[in-house]
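Pasting structure.cif here (mmCIF, C-alpha atoms):
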data_model
#
loop_
_atom_site.label_atom_id
_atom_site.label_comp_id
_atom_site.auth_asym_id
_atom_site.auth_seq_id
_atom_site.Cartn_x
_atom_site.Cartn_y
_atom_site.Cartn_z
CA MET A 1 1.76 26.19 -13.83
CA ALA A 2 2.11 23.80 -16.75
CA ASP A 3 -0.75 23.06 -19.13
CA THR A 4 -2.53 19.70 -19.26
CA THR A 5 -0.56 18.56 -22.31
CA SER A 6 2.80 19.04 -20.59
CA SER A 7 4.95 15.95 -20.17
CA VAL A 8 5.62 14.91 -16.58
CA CYS A 9 9.02 13.69 -17.84
CA ASP A 10 10.05 17.31 -18.50
CA GLN A 11 12.24 18.32 -15.54
CA ASN A 12 10.61 21.76 -15.22
CA VAL A 13 7.11 20.27 -15.27
CA PHE A 14 8.10 17.66 -12.71
CA ASN A 15 9.61 20.38 -10.50
CA THR A 16 6.38 22.36 -10.79
CA ILE A 17 4.35 19.33 -9.71
CA PHE A 18 6.72 18.81 -6.82
CA GLU A 19 6.46 22.42 -5.71
CA GLU A 20 2.66 22.38 -6.00
CA GLN A 21 2.01 18.99 -4.39
CA ALA A 22 4.85 17.91 -2.06
CA GLU A 23 3.85 19.86 1.04
CA SER A 24 0.16 19.04 0.70
CA LEU A 25 0.90 15.34 0.12
CA ARG A 26 3.30 15.19 3.06
CA ASN A 27 0.72 16.85 5.34
CA TYR A 28 -1.98 14.43 4.19
CA LEU A 29 0.29 11.49 4.94
CA TYR A 30 1.33 13.00 8.28
CA TYR A 31 -2.33 13.22 9.28
CA GLN A 32 -2.69 9.55 8.33
CA CYS A 33 0.42 8.13 10.00
CA LYS A 34 1.16 10.73 12.72
CA ASP A 35 4.89 10.36 12.02
CA LEU A 36 6.58 13.19 10.16
CA GLN A 37 9.59 11.13 9.07
CA GLN A 38 7.36 8.37 7.70
CA ALA A 39 5.21 10.97 5.90
CA GLU A 40 8.31 12.51 4.32
CA ASP A 41 9.63 9.10 3.28
CA LEU A 42 6.30 8.14 1.72
CA THR A 43 6.14 11.50 -0.09
CA GLN A 44 9.62 10.98 -1.49
CA GLU A 45 8.77 7.44 -2.60
CA ALA A 46 5.61 8.70 -4.34
CA PHE A 47 7.58 11.28 -6.32
CA ILE A 48 10.19 8.68 -7.25
CA LYS A 49 7.41 6.45 -8.58
CA LEU A 50 5.94 9.41 -10.47
CA TRP A 51 9.32 10.07 -12.09
CA ASN A 52 9.79 6.38 -12.92
CA ASN A 53 6.31 6.31 -14.51
CA CYS A 54 6.37 9.80 -16.00
CA LYS A 55 5.64 8.57 -19.52
CA LYS A 56 2.49 6.80 -18.33
CA VAL A 57 1.07 9.62 -16.17
CA LEU A 58 -0.61 12.64 -17.71
CA TYR A 59 0.08 16.02 -16.13
CA ASN A 60 -3.53 16.50 -15.02
CA LYS A 61 -3.49 13.01 -13.40
CA ALA A 62 -0.19 13.45 -11.52
CA ARG A 63 -1.82 14.62 -8.27
CA GLY A 64 -4.16 11.62 -8.15
CA PHE A 65 -1.29 9.29 -9.00
CA LEU A 66 0.81 10.68 -6.14
CA TYR A 67 -2.00 10.33 -3.60
CA ALA A 68 -2.93 6.82 -4.74
CA VAL A 69 0.68 5.58 -4.71
CA SER A 70 1.45 7.08 -1.32
CA LYS A 71 -1.83 5.87 0.21
CA ASN A 72 -1.15 2.32 -0.99
CA ALA A 73 2.42 2.44 0.32
CA PHE A 74 1.12 3.64 3.68
CA TYR A 75 -1.47 0.85 3.85
CA ASN A 76 1.25 -1.69 2.99
CA GLN A 77 3.39 -0.37 5.85
CA VAL A 78 0.44 -0.49 8.24
CA ALA A 79 -0.36 -4.06 7.26
CA HIS A 80 3.28 -5.10 7.58
CA ASN A 81 3.54 -3.49 11.02
CA LYS A 82 0.32 -5.14 12.19
CA VAL A 83 1.67 -8.53 11.17
CA LYS A 84 4.96 -7.78 12.95
CA PHE A 85 3.20 -6.58 16.13
CA ALA A 86 0.79 -9.50 16.12
CA TYR A 87 3.71 -11.87 15.79
CA ALA A 88 5.62 -10.07 18.56
CA LYS A 89 2.60 -10.31 20.89
CA LYS A 90 2.23 -14.01 20.21
CA PRO A 91 3.47 -16.06 23.14
CA GLN A 92 6.77 -17.60 22.26
CA ARG A 93 6.74 -21.37 22.15
CA ILE A 94 9.17 -23.53 23.94
CA ALA A 95 12.29 -23.82 21.84
CA ASP A 96 12.34 -27.63 21.70
CA ILE A 97 8.81 -27.71 20.18
CA GLU A 98 9.76 -25.52 17.23
CA THR A 99 12.08 -27.46 15.06
CA PRO A 100 14.41 -25.66 12.70
CA GLU A 101 12.27 -27.01 9.85
CA PHE A 102 9.13 -25.47 11.37
CA ILE A 103 10.83 -22.11 11.81
CA MET A 104 12.09 -22.22 8.22
CA GLU A 105 8.64 -23.17 6.86
CA GLU A 106 6.98 -20.41 8.86
CA SER A 107 9.47 -17.86 7.56
CA GLU A 108 9.01 -19.08 4.00
CA PHE A 109 5.21 -18.83 4.35
CA MET A 110 5.45 -15.24 5.63
CA ASP A 111 7.67 -14.38 2.65
CA LYS A 112 5.16 -16.05 0.30
CA LEU A 113 2.30 -14.13 1.87
CA GLN A 114 4.12 -10.80 1.58
CA ARG A 115 5.05 -11.47 -2.06
CA ALA A 116 1.48 -12.52 -2.84
CA LEU A 117 0.10 -9.34 -1.25
CA ASN A 118 2.61 -7.20 -3.14
CA ALA A 119 1.64 -8.92 -6.41
CA LEU A 120 -2.01 -7.92 -6.08
CA PRO A 121 -3.17 -4.92 -8.12
CA ASP A 122 -3.41 -1.75 -6.01
CA GLY A 123 -7.21 -1.71 -5.78
CA GLN A 124 -7.45 -5.35 -4.70
CA ARG A 125 -4.61 -5.03 -2.18
CA GLU A 126 -6.14 -1.88 -0.73
CA VAL A 127 -9.57 -3.50 -0.27
CA PHE A 128 -8.04 -6.68 1.17
CA LEU A 129 -5.93 -4.78 3.72
CA LEU A 130 -8.73 -2.41 4.70
CA ASN A 131 -11.07 -5.35 5.28
CA ARG A 132 -8.77 -7.96 6.80
CA ILE A 133 -6.31 -5.74 8.68
CA ASP A 134 -8.31 -2.60 9.49
CA LYS A 135 -11.55 -4.61 9.93
CA LYS A 136 -13.60 -2.23 7.77
CA THR A 137 -16.84 -3.46 6.24
CA TYR A 138 -17.39 -3.47 2.49
CA LYS A 139 -19.81 -0.59 2.92
CA GLU A 140 -17.23 1.49 4.84
CA ILE A 141 -14.56 0.74 2.23
CA ALA A 142 -16.95 1.67 -0.60
CA GLU A 143 -17.68 5.03 1.06
CA LEU A 144 -13.99 5.64 1.73
CA LEU A 145 -12.96 4.91 -1.87
CA GLY A 146 -16.02 6.46 -3.51
CA VAL A 147 -17.12 3.33 -5.37
CA SER A 148 -20.07 0.96 -5.07
CA GLN A 149 -20.20 -1.81 -2.50
CA LYS A 150 -20.52 -4.28 -5.39
CA ALA A 151 -17.17 -3.04 -6.77
CA ILE A 152 -15.57 -3.64 -3.38
CA GLU A 153 -17.04 -7.15 -3.21
CA LYS A 154 -15.67 -7.90 -6.68
CA ARG A 155 -12.19 -6.59 -5.78
CA MET A 156 -12.15 -8.68 -2.60
CA HIS A 157 -13.27 -11.81 -4.46
CA LYS A 158 -10.51 -11.33 -7.03
CA ALA A 159 -7.92 -10.64 -4.31
CA LEU A 160 -8.86 -13.77 -2.37
CA SER A 161 -8.85 -15.88 -5.54
CA LYS A 162 -5.40 -14.63 -6.53
CA LEU A 163 -4.02 -15.13 -3.02
CA ARG A 164 -5.32 -18.72 -2.92
CA VAL A 165 -3.70 -19.49 -6.25
CA THR A 166 -0.43 -17.70 -5.49
CA ILE A 167 0.07 -19.08 -2.01
CA GLY A 168 -1.07 -22.54 -3.02
CA ASN A 169 1.31 -22.74 -5.99
CA ILE A 170 4.48 -21.19 -4.61
#
Here is the file; what I need is its structure written in the form of C-alpha cells.
Amino acid sequence: MADTTSSVCDQNVFNTIFEEQAESLRNYLYYQCKDLQQAEDLTQEAFIKLWNNCKKVLYNKARGFLYAVSKNAFYNQVAHNKVKFAYAKKPQRIADIETPEFIMEESEFMDKLQRALNALPDGQREVFLLNRIDKKTYKEIAELLGVSQKAIEKRMHKALSKLRVTIGNI
C-alpha cells in the first residue's frame, strides 16, 4: 500500500489503486446497474479518468474520485436510456405531419439538451437527473448524497438556471 503523499501518476501507485479498488468498484456498479458488462465498462472509464486526472487527485482521495466519476457516468447512462425509451414509447406521428424541418429541429434540440446536461458540474447534473429522471424528492437526494436539503435546492436552482441559459442561447 502506498502512503498518502504518493503520486497517483506513478505507475506502481496507480496499479496499487487499481488492484485495491477495481473489483469493489465493479461490484458496486454491478449492484447499481445489474449488468456486468456495463459495470466493467464504467469501472474502466473511471480508471481512465483517474489516470487522465492523476495530477489533480491525491492518493487518499482516489477511491472517492473513482466512485464519484463512475456514479455520475452511470446516472448519465440511465438518463440517456430513459430519454431513448420514452421517445421509443411515444406514438409515432404520421409521416406527412412531421416535416423534414421539424425532424431536424427536434434532433438539434435533443443534441442541445444532451450537451447542456453534460456541461453541468457533476453535483448539479446528479441532482437534476435524480430529481427529474428518477423522481426523487430533494429530501431523498439529500439523504442519498449526505448533504443538507438546502444544498440540494441550491444545486437544482443553479442547474435549472444554467440549462435555461444554455438551451436558450444555443
Given the PyMOL selection byres ((chain A and resi 9-11) around 7), the residues it picks as a ChimeraX atom specification: /A:7-8,12-15,51,54-55
Any idea what's packed within 9 Å of Leu160 (chain A), counting only C-alpha atoms, ignoring anything in its chain fewer than 5 positions away? Could you give it as number ranges by chain? A: 124, 128, 155, 165
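The nearest approach to Ile167 (chain A) among the residues A:Ala116, A:Ile48, A:Ala39, A:Ala73, with all atoms listed in the file taken into account, belongs to A:Ala116.
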Could you tell me which residues the PyMOL selection byres ((chain A and resi 60-68) around 10) returns for this structure, as a ChimeraX atom specification? /A:2-8,14,17-18,20-22,24-26,28-29,42-50,53-54,56-59,69-74,122-123
List the residues selected by the PyMOL selection byres ((chain A and resi 166) around 12) in the file shown, writing them as a PyMOL selection string. chain A and resi 109+111-120+159-165+167-170
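The space between CA of Lys135 (chain A) and CA of Asp35 (chain A) spans 22.3 Å.
Each of A:Ser107, A:Gln37, A:Asn52, A:Asn76 was checked against Leu129 (chain A) using all atoms listed in the file; the smallest atom-to-atom distance is that of A:Asn76.
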If you count only C-alpha atoms, which residues fall within 12 Å of region 143-151 of chain A, apart from same-chain ones fewer than 2 positions away, as an NGL selection string? :A and (68 or 71 or 123-124 or 126-127 or 130-131 or 136-141 or 153-158)
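Pairwise distance (CA of Ile133 (chain A), CA of Glu105 (chain A)) equals 23.0 Å.
One finds CA of Met110 (chain A) at 29.7 Å from CA of Tyr31 (chain A).
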Please define a box with edges along x, y and z of the file around all atoms of region 69-77 of chain A given in the file, extend it by 3 Å on each side, and return its centre and edge lengths in Å to one decimal, as lines of an AutoDock Vina configuration file.
center_x = 0.8
center_y = 2.7
center_z = 0.6
size_x = 11.2
size_y = 14.8
size_z = 16.6
